[in-house]
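Just below is one structure, and these are the notes that go with it.
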Amino acid sequence: MQPFHVISDLEKDELYGVLETVSAHPYADYHAFSAAVRQATRGQVPASLREAADRIRAERAQGVSDTHVLRNCPVDKELPELGHDDPQADKYARKHTFVGEAFLELMGQLTGTPLMSYATRFNGDFFTDVYSISKYHGQQTGYSDGELVYHNDRTAHPVRADYISLLGMRCPVEEYTCTSLVEARTLRAALPEDTLRLLGEAHFVTPFDVVSRDNNRGLSVSEKHAIFQGDYGIRYLDTHTTVAPDAPGEAKDALIELKNALTRAEKKRHRILEGDLLIFANQNGLHSREKIEVNDPERSRSRWLLKTYAFRDQATADGFADHWVDGVVGRVGD
């Protein structure tokens, strides 16, 4: 994908200088950090970046696009090496600047999409790392070092992010990994009405992902749910979402038709480079990870993306107020 907006070198340097003044700690008190970013950047955001954020909001509202790439974004100039046994602990101990986190928070503010987190994952952090963890090698999770099938993040969970942001922190140019996306509207257009009707009914279940099960042994499989939801939504994890035991036989046929449509569908692909910000709709489409060329498996494992989840808007976030864990706004449970 071509970048939607490229930040100039001058703008990046000026914005970096602003963001590095934020002294609050994103992992100790997220909301204090959010307030500090808002205060530090007041009147200091490049006009072109504000305009880009406005255009992103407009394209979403008009149904033009839910996927956008910003290039040459500010990230921390000195990044620590992370191990693969407990990279989160390594980040806590070795990462002492938070420019990447501040930029992600700023973009959430500019696009009007409040951030969210999960209390049972990564200490409830609002900024998490897409980075390989050894114990998840070969498993279907973003924290493995392998490919990922098409999916929504947290498909089985009752509260799911509307938008996902991925910021390239360390992306070895010698390795070629793509994030691929398919819009739900593309899949719907390829299916007949009877199939759409069945996929819009609660005949399907999805197992909870391995990371969720590791953090909450009580989780096994979702409640019955529809795959197509609302006008544009989709809830599906390929090779995992299946028909419920009491589903009519036609539901299995509809699921097979969906799988065929997904295989044939037009895909958008983007190779995230360092300083790239990829923002896409989690519930209006599916995404995957494709490892196109791996020249050094160990170097490929070092790919590091900083990630945030976000609600569609403040009103959507407010609608989940009864889900907040320990009174922390935006932090939800399982």
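Letters for chains follow the order of the structure tokens (A, B, ...), residue numbers begin at 1 for each chain, and ligand numbers begin at 1 in the order shown.
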
Could you go through segment 116-315 of chain A and tell me which residues DSSP, when run on the backbone, assigns to alpha helix (DSSP H), listing them as a PyMOL selection string?
chain A and resi 184-189+193-199+210-215+249-264+297-301+314-315

### Query
Near segment 174-181 of chain A, counting only C-alpha atoms, which residues have an atom at most 8 Å away, once you skip same-chain residues fewer than 4 positions from it, shown as a ChimeraX atom specification?
/A:150,267-272,285-296,299-300

Using only C-alpha atoms, find each residue of segment 142-169 of chain A with at least one atom at most 12 Å away from an atom of segment 110-123 of chain A; report its shortest atom-to-atom pair and that distance in Å (one decimal), sort the rows by chain and rising residue number, and return the result as JSON lines.
{"residue": "A:Tyr143", "atom": "CA", "partner": "A:Phe122", "partner_atom": "CA", "distance": 11.6}
{"residue": "A:Asp153", "atom": "CA", "partner": "A:Tyr118", "partner_atom": "CA", "distance": 11.9}
{"residue": "A:Arg154", "atom": "CA", "partner": "A:Tyr118", "partner_atom": "CA", "distance": 10.0}
{"residue": "A:His157", "atom": "CA", "partner": "A:Tyr118", "partner_atom": "CA", "distance": 10.3}
{"residue": "A:Pro158", "atom": "CA", "partner": "A:Tyr118", "partner_atom": "CA", "distance": 11.6}
{"residue": "A:Val159", "atom": "CA", "partner": "A:Tyr118", "partner_atom": "CA", "distance": 9.3}
{"residue": "A:Arg160", "atom": "CA", "partner": "A:Met116", "partner_atom": "CA", "distance": 9.3}
{"residue": "A:Ala161", "atom": "CA", "partner": "A:Met116", "partner_atom": "CA", "distance": 7.4}
{"residue": "A:Asp162", "atom": "CA", "partner": "A:Thr113", "partner_atom": "CA", "distance": 8.8}
{"residue": "A:Tyr163", "atom": "CA", "partner": "A:Thr113", "partner_atom": "CA", "distance": 8.0}
{"residue": "A:Ile164", "atom": "CA", "partner": "A:Leu115", "partner_atom": "CA", "distance": 9.5}
{"residue": "A:Ser165", "atom": "CA", "partner": "A:Leu115", "partner_atom": "CA", "distance": 10.1}

Could you dump the residues just selected with N, CA and C atoms as a CSV table (one decimal), in the first residue's frame?
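part02.csv, freshly written:
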chain,number,residue,atom,x,y,z
A,143,TYR,N,2.1,-13.1,18.8
A,143,TYR,CA,3.3,-13.2,19.6
A,143,TYR,C,4.1,-14.4,19.2
A,153,ASP,N,-8.7,-9.4,15.7
A,153,ASP,CA,-8.1,-9.5,17.0
A,153,ASP,C,-9.2,-9.8,18.0
A,154,ARG,N,-8.9,-10.7,18.9
A,154,ARG,CA,-9.8,-11.0,20.1
A,154,ARG,C,-11.2,-11.4,19.6
A,157,HIS,N,-13.8,-12.6,22.1
A,157,HIS,CA,-14.1,-11.8,23.3
A,157,HIS,C,-15.4,-10.9,23.0
A,158,PRO,N,-16.1,-10.6,24.1
A,158,PRO,CA,-17.3,-9.8,23.9
A,158,PRO,C,-17.0,-8.3,23.6
A,159,VAL,N,-15.8,-7.8,24.1
A,159,VAL,CA,-15.4,-6.4,23.8
A,159,VAL,C,-14.2,-6.5,22.8
A,160,ARG,N,-14.3,-6.0,21.6
A,160,ARG,CA,-13.3,-6.0,20.6
A,160,ARG,C,-13.0,-4.6,20.1
A,161,ALA,N,-11.7,-4.4,19.8
A,161,ALA,CA,-11.3,-3.1,19.3
A,161,ALA,C,-12.0,-2.8,18.0
A,162,ASP,N,-12.3,-1.5,17.8
A,162,ASP,CA,-12.7,-1.1,16.5
A,162,ASP,C,-11.6,-0.8,15.5
A,163,TYR,N,-10.5,-0.3,16.1
A,163,TYR,CA,-9.3,0.0,15.3
A,163,TYR,C,-8.0,-0.5,15.9
A,164,ILE,N,-7.1,-0.9,15.1
A,164,ILE,CA,-5.8,-1.3,15.6
A,164,ILE,C,-4.7,-0.4,14.9
A,165,SER,N,-3.7,0.0,15.7
A,165,SER,CA,-2.6,0.7,15.1
A,165,SER,C,-1.3,-0.1,15.4

Closest pair table for segment 208-279 of chain A residues within 12 Å of segment 77-100 of chain A, only C-alpha atoms, as JSON lines:
{"residue": "A:Glu274", "atom": "CA", "partner": "A:Lys77", "partner_atom": "CA", "distance": 11.1}
{"residue": "A:Gly275", "atom": "CA", "partner": "A:Gly100", "partner_atom": "CA", "distance": 9.1}
{"residue": "A:Asp276", "atom": "CA", "partner": "A:Gly100", "partner_atom": "CA", "distance": 11.0}
{"residue": "A:Leu277", "atom": "CA", "partner": "A:Gly100", "partner_atom": "CA", "distance": 10.2}

Any chance you could export the current selection's C-alpha atoms as a PDB file, in the first residue's frame?
ATOM      1  CA  GLU A 274      10.475   1.450  10.687  1.00  0.00           C
ATOM      2  CA  GLY A 275       8.503   4.620  11.319  1.00  0.00           C
ATOM      3  CA  ASP A 276       5.422   3.353   9.458  1.00  0.00           C
ATOM      4  CA  LEU A 277       2.067   3.581  11.199  1.00  0.00           C
TER       5      LEU A 277
END

Q) Looking only at the backbone, which of the residues in segment 23-218 of chain A does DSSP tag as strand (DSSP E or B), as a PyMOL selection string? A) chain A and resi 67-71+115-118+128-130+148-151+163-170+176-183+204-205+207

Could you save the residues just selected, with N, CA and C atoms, as a short mmCIF file (atom, residue, chain, number, x, y, z; two decimals), in the first residue's frame?
data_model
loop_
_atom_site.label_atom_id
_atom_site.label_comp_id
_atom_site.auth_asym_id
_atom_site.auth_seq_id
_atom_site.Cartn_x
_atom_site.Cartn_y
_atom_site.Cartn_z
N THR A 67 -8.47 1.85 6.16
CA THR A 67 -7.06 1.48 6.28
C THR A 67 -6.19 2.64 5.82
N HIS A 68 -5.23 3.02 6.66
CA HIS A 68 -4.37 4.16 6.34
C HIS A 68 -2.94 3.91 6.82
N VAL A 69 -1.99 4.39 6.04
CA VAL A 69 -0.57 4.27 6.38
C VAL A 69 0.04 5.66 6.47
N LEU A 70 0.70 5.93 7.58
CA LEU A 70 1.51 7.14 7.73
C LEU A 70 2.97 6.73 7.76
N ARG A 71 3.81 7.48 7.08
CA ARG A 71 5.23 7.13 6.97
C ARG A 71 6.10 8.22 7.60
N LEU A 115 -8.14 4.94 23.36
CA LEU A 115 -7.46 3.66 23.44
C LEU A 115 -8.12 2.75 24.47
N MET A 116 -7.93 1.43 24.27
CA MET A 116 -8.45 0.43 25.19
C MET A 116 -7.37 -0.60 25.47
N SER A 117 -7.57 -1.37 26.54
CA SER A 117 -6.64 -2.44 26.87
C SER A 117 -7.40 -3.57 27.53
N TYR A 118 -6.73 -4.72 27.67
CA TYR A 118 -7.32 -5.89 28.30
C TYR A 118 -6.60 -6.15 29.62
N THR A 128 1.18 -2.31 23.68
CA THR A 128 1.75 -3.65 23.74
C THR A 128 2.65 -3.89 22.54
N ASP A 129 3.43 -4.95 22.62
CA ASP A 129 4.45 -5.24 21.62
C ASP A 129 4.07 -6.45 20.79
N VAL A 130 4.05 -6.28 19.47
CA VAL A 130 3.95 -7.43 18.58
C VAL A 130 5.39 -7.89 18.38
N LEU A 148 0.19 -15.73 10.27
CA LEU A 148 -1.12 -15.72 10.92
C LEU A 148 -2.21 -15.81 9.87
N VAL A 149 -3.24 -16.60 10.14
CA VAL A 149 -4.38 -16.68 9.24
C VAL A 149 -5.20 -15.39 9.34
N TYR A 150 -6.13 -15.21 8.42
CA TYR A 150 -6.99 -14.03 8.46
C TYR A 150 -7.90 -14.09 9.69
N HIS A 151 -8.00 -12.95 10.36
CA HIS A 151 -8.72 -12.91 11.63
C HIS A 151 -9.06 -11.48 12.03
N TYR A 163 -10.48 -0.26 16.09
CA TYR A 163 -9.30 0.04 15.27
C TYR A 163 -8.04 -0.49 15.94
N ILE A 164 -7.10 -0.88 15.11
CA ILE A 164 -5.79 -1.33 15.56
C ILE A 164 -4.74 -0.44 14.89
N SER A 165 -3.75 -0.05 15.66
CA SER A 165 -2.62 0.72 15.12
C SER A 165 -1.34 -0.06 15.36
N LEU A 166 -0.49 -0.15 14.34
CA LEU A 166 0.79 -0.84 14.42
C LEU A 166 1.88 0.13 13.98
N LEU A 167 2.81 0.41 14.88
CA LEU A 167 3.90 1.34 14.61
C LEU A 167 5.20 0.56 14.50
N GLY A 168 5.90 0.70 13.36
CA GLY A 168 7.14 -0.02 13.14
C GLY A 168 8.27 0.53 13.98
N MET A 169 8.73 -0.25 14.95
CA MET A 169 9.84 0.17 15.82
C MET A 169 11.17 -0.38 15.31
N ARG A 170 11.19 -1.69 15.08
CA ARG A 170 12.38 -2.32 14.51
C ARG A 170 11.90 -3.31 13.44
N TYR A 176 11.23 -9.87 4.72
CA TYR A 176 10.05 -9.33 4.04
C TYR A 176 8.78 -9.94 4.64
N THR A 177 8.14 -9.17 5.52
CA THR A 177 6.90 -9.60 6.17
C THR A 177 5.80 -8.60 5.85
N CYS A 178 4.63 -9.10 5.47
CA CYS A 178 3.50 -8.24 5.11
C CYS A 178 2.34 -8.42 6.06
N THR A 179 1.63 -7.33 6.31
CA THR A 179 0.31 -7.38 6.92
C THR A 179 -0.69 -7.29 5.78
N SER A 180 -1.55 -8.29 5.68
CA SER A 180 -2.53 -8.35 4.59
C SER A 180 -3.92 -8.15 5.15
N LEU A 181 -4.77 -7.47 4.39
CA LEU A 181 -6.11 -7.10 4.86
C LEU A 181 -7.16 -7.37 3.79
N VAL A 182 -8.33 -7.79 4.25
CA VAL A 182 -9.50 -7.99 3.38
C VAL A 182 -10.68 -7.29 4.05
N GLU A 183 -11.36 -6.43 3.30
CA GLU A 183 -12.51 -5.72 3.86
C GLU A 183 -13.74 -6.62 3.86
N PHE A 204 -22.45 -19.67 15.03
CA PHE A 204 -21.02 -19.93 14.96
C PHE A 204 -20.35 -19.69 16.32
N VAL A 205 -19.24 -20.36 16.54
CA VAL A 205 -18.45 -20.18 17.77
C VAL A 205 -16.98 -20.07 17.39
N PRO A 207 -13.04 -20.43 19.29
CA PRO A 207 -12.23 -20.70 20.48
C PRO A 207 -11.45 -19.45 20.90
#

Computed gap from atom CA of Arg235 of chain A to atom CA of Ala247 of chain A is 16.9 Å

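Within the 9 Å cut-off around segment 186-188 of chain A, using only C-alpha atoms and omitting residues fewer than 6 positions from it on the same chain, the listed residues are Leu196, Phe228, Tyr232, Leu258, Ala261, Leu262, Ala265, Glu266 and Gly285 of chain A.
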
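For the pair atom CA of His203 of chain A and atom CA of Ala244 of chain A, the separation is 5.6 Å.
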
Pairwise distance, atom CA of Pro26 of chain A with atom CA of Ala317 of chain A, equals 19.7 Å

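When only C-alpha atoms are used to measure the gap to Val243 of chain A, the shortest distance among A:Glu147, A:Asp231, A:Glu51, A:Glu201 belongs to A:Glu201.
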
Asn284 of chain A proximity check over A:Gly138, A:Gly63, A:Gly200, A:Pro192, using only C-alpha atoms: winner is A:Gly63

_Shell of 12 Å around Ala28 of chain A, only C-alpha atoms, local chain residues under 2 positions omitted, as a list of chain:residue names_ = A:Ser23, A:Ala24, A:His25, A:Pro26, A:Tyr30, A:His31, A:Ala32, A:Phe33, A:Ser34, A:Tyr92, A:Asn123, A:Gly124, A:Asp125, A:Phe126, A:Phe127

Write the residues of the preceding selection, restricted to all heavy atoms, as a compact mmCIF listing (two decimals), in the first residue's frame.
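Wrote result.txt, looks like this:
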# COMPACT_ATOMS: atom_id res chain seq x y z
N SER A 23 6.96 13.55 30.42
CA SER A 23 7.66 12.85 31.50
C SER A 23 6.82 11.77 32.16
O SER A 23 7.36 10.94 32.91
CB SER A 23 8.13 13.86 32.56
OG SER A 23 7.01 14.57 33.09
N ALA A 24 5.52 11.77 31.96
CA ALA A 24 4.67 10.74 32.56
C ALA A 24 5.02 9.37 31.98
O ALA A 24 5.54 9.27 30.86
CB ALA A 24 3.20 11.07 32.32
N HIS A 25 4.73 8.32 32.73
CA HIS A 25 5.12 6.96 32.36
C HIS A 25 3.91 6.20 31.83
O HIS A 25 2.94 6.00 32.56
CB HIS A 25 5.69 6.24 33.58
CG HIS A 25 6.52 5.04 33.25
ND1 HIS A 25 5.99 3.91 32.65
CD2 HIS A 25 7.85 4.80 33.43
CE1 HIS A 25 6.96 3.02 32.49
NE2 HIS A 25 8.09 3.53 32.95
N PRO A 26 3.94 5.75 30.58
CA PRO A 26 2.76 5.11 29.99
C PRO A 26 2.38 3.78 30.62
O PRO A 26 1.24 3.35 30.52
CB PRO A 26 3.14 4.93 28.52
CG PRO A 26 4.64 4.89 28.53
CD PRO A 26 5.06 5.83 29.61
N TYR A 30 -1.39 5.15 32.73
CA TYR A 30 -1.72 5.49 31.35
C TYR A 30 -2.46 6.82 31.25
O TYR A 30 -2.15 7.64 30.38
CB TYR A 30 -2.55 4.39 30.68
CG TYR A 30 -3.22 4.90 29.43
CD1 TYR A 30 -2.47 5.20 28.29
CD2 TYR A 30 -4.59 5.18 29.41
CE1 TYR A 30 -3.06 5.73 27.15
CE2 TYR A 30 -5.19 5.70 28.28
CZ TYR A 30 -4.42 5.98 27.15
OH TYR A 30 -5.02 6.52 26.05
N HIS A 31 -3.44 7.04 32.09
CA HIS A 31 -4.26 8.24 31.93
C HIS A 31 -3.48 9.51 32.25
O HIS A 31 -3.73 10.55 31.62
CB HIS A 31 -5.53 8.13 32.78
CG HIS A 31 -6.52 7.15 32.19
ND1 HIS A 31 -7.21 7.43 31.02
CD2 HIS A 31 -6.90 5.91 32.56
CE1 HIS A 31 -7.98 6.40 30.72
NE2 HIS A 31 -7.81 5.47 31.64
N ALA A 32 -2.53 9.44 33.17
CA ALA A 32 -1.65 10.59 33.39
C ALA A 32 -0.78 10.82 32.16
O ALA A 32 -0.53 11.97 31.76
CB ALA A 32 -0.77 10.35 34.62
N PHE A 33 -0.34 9.75 31.54
CA PHE A 33 0.46 9.86 30.31
C PHE A 33 -0.37 10.48 29.19
O PHE A 33 0.10 11.38 28.48
CB PHE A 33 0.95 8.46 29.90
CG PHE A 33 1.76 8.43 28.65
CD1 PHE A 33 3.09 8.84 28.64
CD2 PHE A 33 1.22 7.96 27.46
CE1 PHE A 33 3.85 8.79 27.48
CE2 PHE A 33 1.96 7.91 26.29
CZ PHE A 33 3.28 8.33 26.30
N SER A 34 -1.60 10.02 29.03
CA SER A 34 -2.48 10.56 28.00
C SER A 34 -2.68 12.06 28.19
O SER A 34 -2.61 12.84 27.22
CB SER A 34 -3.83 9.84 28.04
OG SER A 34 -4.75 10.43 27.15
N TYR A 92 10.26 -3.13 30.03
CA TYR A 92 10.14 -2.36 31.28
C TYR A 92 11.52 -1.97 31.82
O TYR A 92 11.72 -0.85 32.29
CB TYR A 92 9.43 -3.19 32.35
CG TYR A 92 7.94 -3.39 32.16
CD1 TYR A 92 7.27 -4.34 32.91
CD2 TYR A 92 7.19 -2.63 31.26
CE1 TYR A 92 5.90 -4.55 32.77
CE2 TYR A 92 5.84 -2.83 31.10
CZ TYR A 92 5.18 -3.79 31.86
OH TYR A 92 3.84 -3.99 31.72
N ASN A 123 -0.31 -7.07 31.65
CA ASN A 123 -0.52 -6.18 32.80
C ASN A 123 -1.53 -5.08 32.53
O ASN A 123 -1.51 -4.04 33.20
CB ASN A 123 0.82 -5.55 33.25
CG ASN A 123 1.78 -6.59 33.78
OD1 ASN A 123 1.38 -7.62 34.31
ND2 ASN A 123 3.08 -6.32 33.64
N GLY A 124 -2.40 -5.29 31.57
CA GLY A 124 -3.40 -4.26 31.27
C GLY A 124 -2.83 -3.06 30.55
O GLY A 124 -3.49 -2.01 30.46
N ASP A 125 -1.63 -3.18 29.97
CA ASP A 125 -0.99 -2.05 29.29
C ASP A 125 -1.82 -1.59 28.09
O ASP A 125 -2.39 -2.41 27.37
CB ASP A 125 0.41 -2.42 28.81
CG ASP A 125 1.42 -2.55 29.93
OD1 ASP A 125 1.13 -2.09 31.05
OD2 ASP A 125 2.50 -3.11 29.70
N PHE A 126 -1.82 -0.29 27.84
CA PHE A 126 -2.49 0.28 26.67
C PHE A 126 -1.58 0.27 25.44
O PHE A 126 -2.04 0.52 24.34
CB PHE A 126 -2.96 1.71 26.97
CG PHE A 126 -4.18 1.77 27.84
CD1 PHE A 126 -4.09 1.58 29.21
CD2 PHE A 126 -5.43 2.01 27.29
CE1 PHE A 126 -5.22 1.64 30.01
CE2 PHE A 126 -6.58 2.06 28.08
CZ PHE A 126 -6.46 1.87 29.46
N PHE A 127 -0.30 0.01 25.65
CA PHE A 127 0.67 -0.10 24.55
C PHE A 127 1.34 -1.47 24.68
O PHE A 127 1.96 -1.76 25.70
CB PHE A 127 1.72 1.00 24.61
CG PHE A 127 1.13 2.39 24.68
CD1 PHE A 127 0.93 3.01 25.90
CD2 PHE A 127 0.77 3.06 23.52
CE1 PHE A 127 0.38 4.28 25.97
CE2 PHE A 127 0.23 4.33 23.58
CZ PHE A 127 0.02 4.94 24.81

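With only C-alpha atoms as the atoms that count, the minimum distance from Leu237 of chain A to the choices A:Gln283, A:Ser144, A:Ser8, A:Thr21 is reached by A:Gln283.
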
Review point. Residues at most 8 Å from Ser302 of chain A, counting only C-alpha atoms, excluding those fewer than 4 positions away in the same chain, as a ChimeraX atom specification?
Key: /A:82,131-132,170-172,298

Would you save the residues from that selection as a compact mmCIF listing (two decimals), in the first residue's frame, using N, CA, C and O atoms?
# COMPACT_ATOMS: atom_id res chain seq x y z
N LEU A 82 15.41 -6.80 22.97
CA LEU A 82 14.46 -7.56 23.76
C LEU A 82 14.73 -9.05 23.58
O LEU A 82 14.99 -9.50 22.48
N TYR A 131 5.74 -8.91 19.13
CA TYR A 131 7.13 -9.37 19.18
C TYR A 131 7.08 -10.85 19.57
O TYR A 131 6.27 -11.27 20.38
N SER A 132 7.95 -11.63 18.97
CA SER A 132 7.85 -13.07 19.17
C SER A 132 8.25 -13.48 20.59
O SER A 132 9.23 -12.99 21.15
N ARG A 170 11.19 -1.69 15.08
CA ARG A 170 12.38 -2.32 14.51
C ARG A 170 11.90 -3.31 13.44
O ARG A 170 11.26 -4.32 13.76
N CYS A 171 12.20 -3.03 12.20
CA CYS A 171 11.71 -3.83 11.08
C CYS A 171 12.86 -4.11 10.12
O CYS A 171 13.14 -3.28 9.24
N PRO A 172 13.57 -5.21 10.30
CA PRO A 172 14.75 -5.48 9.46
C PRO A 172 14.41 -5.47 7.97
O PRO A 172 13.51 -6.18 7.52
N GLU A 298 16.49 -15.75 12.78
CA GLU A 298 16.70 -15.06 14.05
C GLU A 298 16.51 -13.56 13.89
O GLU A 298 15.91 -12.90 14.75

Between A:Leu199, A:Lys307, A:Ser212, A:Ile279, smallest distance to Lys252 of chain A by only C-alpha atoms belongs to A:Leu199

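Among the candidates A:Thr41, A:Thr195, A:Gln2, A:Asn282, the one nearest to Asp66 of chain A when counting only C-alpha atoms is A:Asn282.
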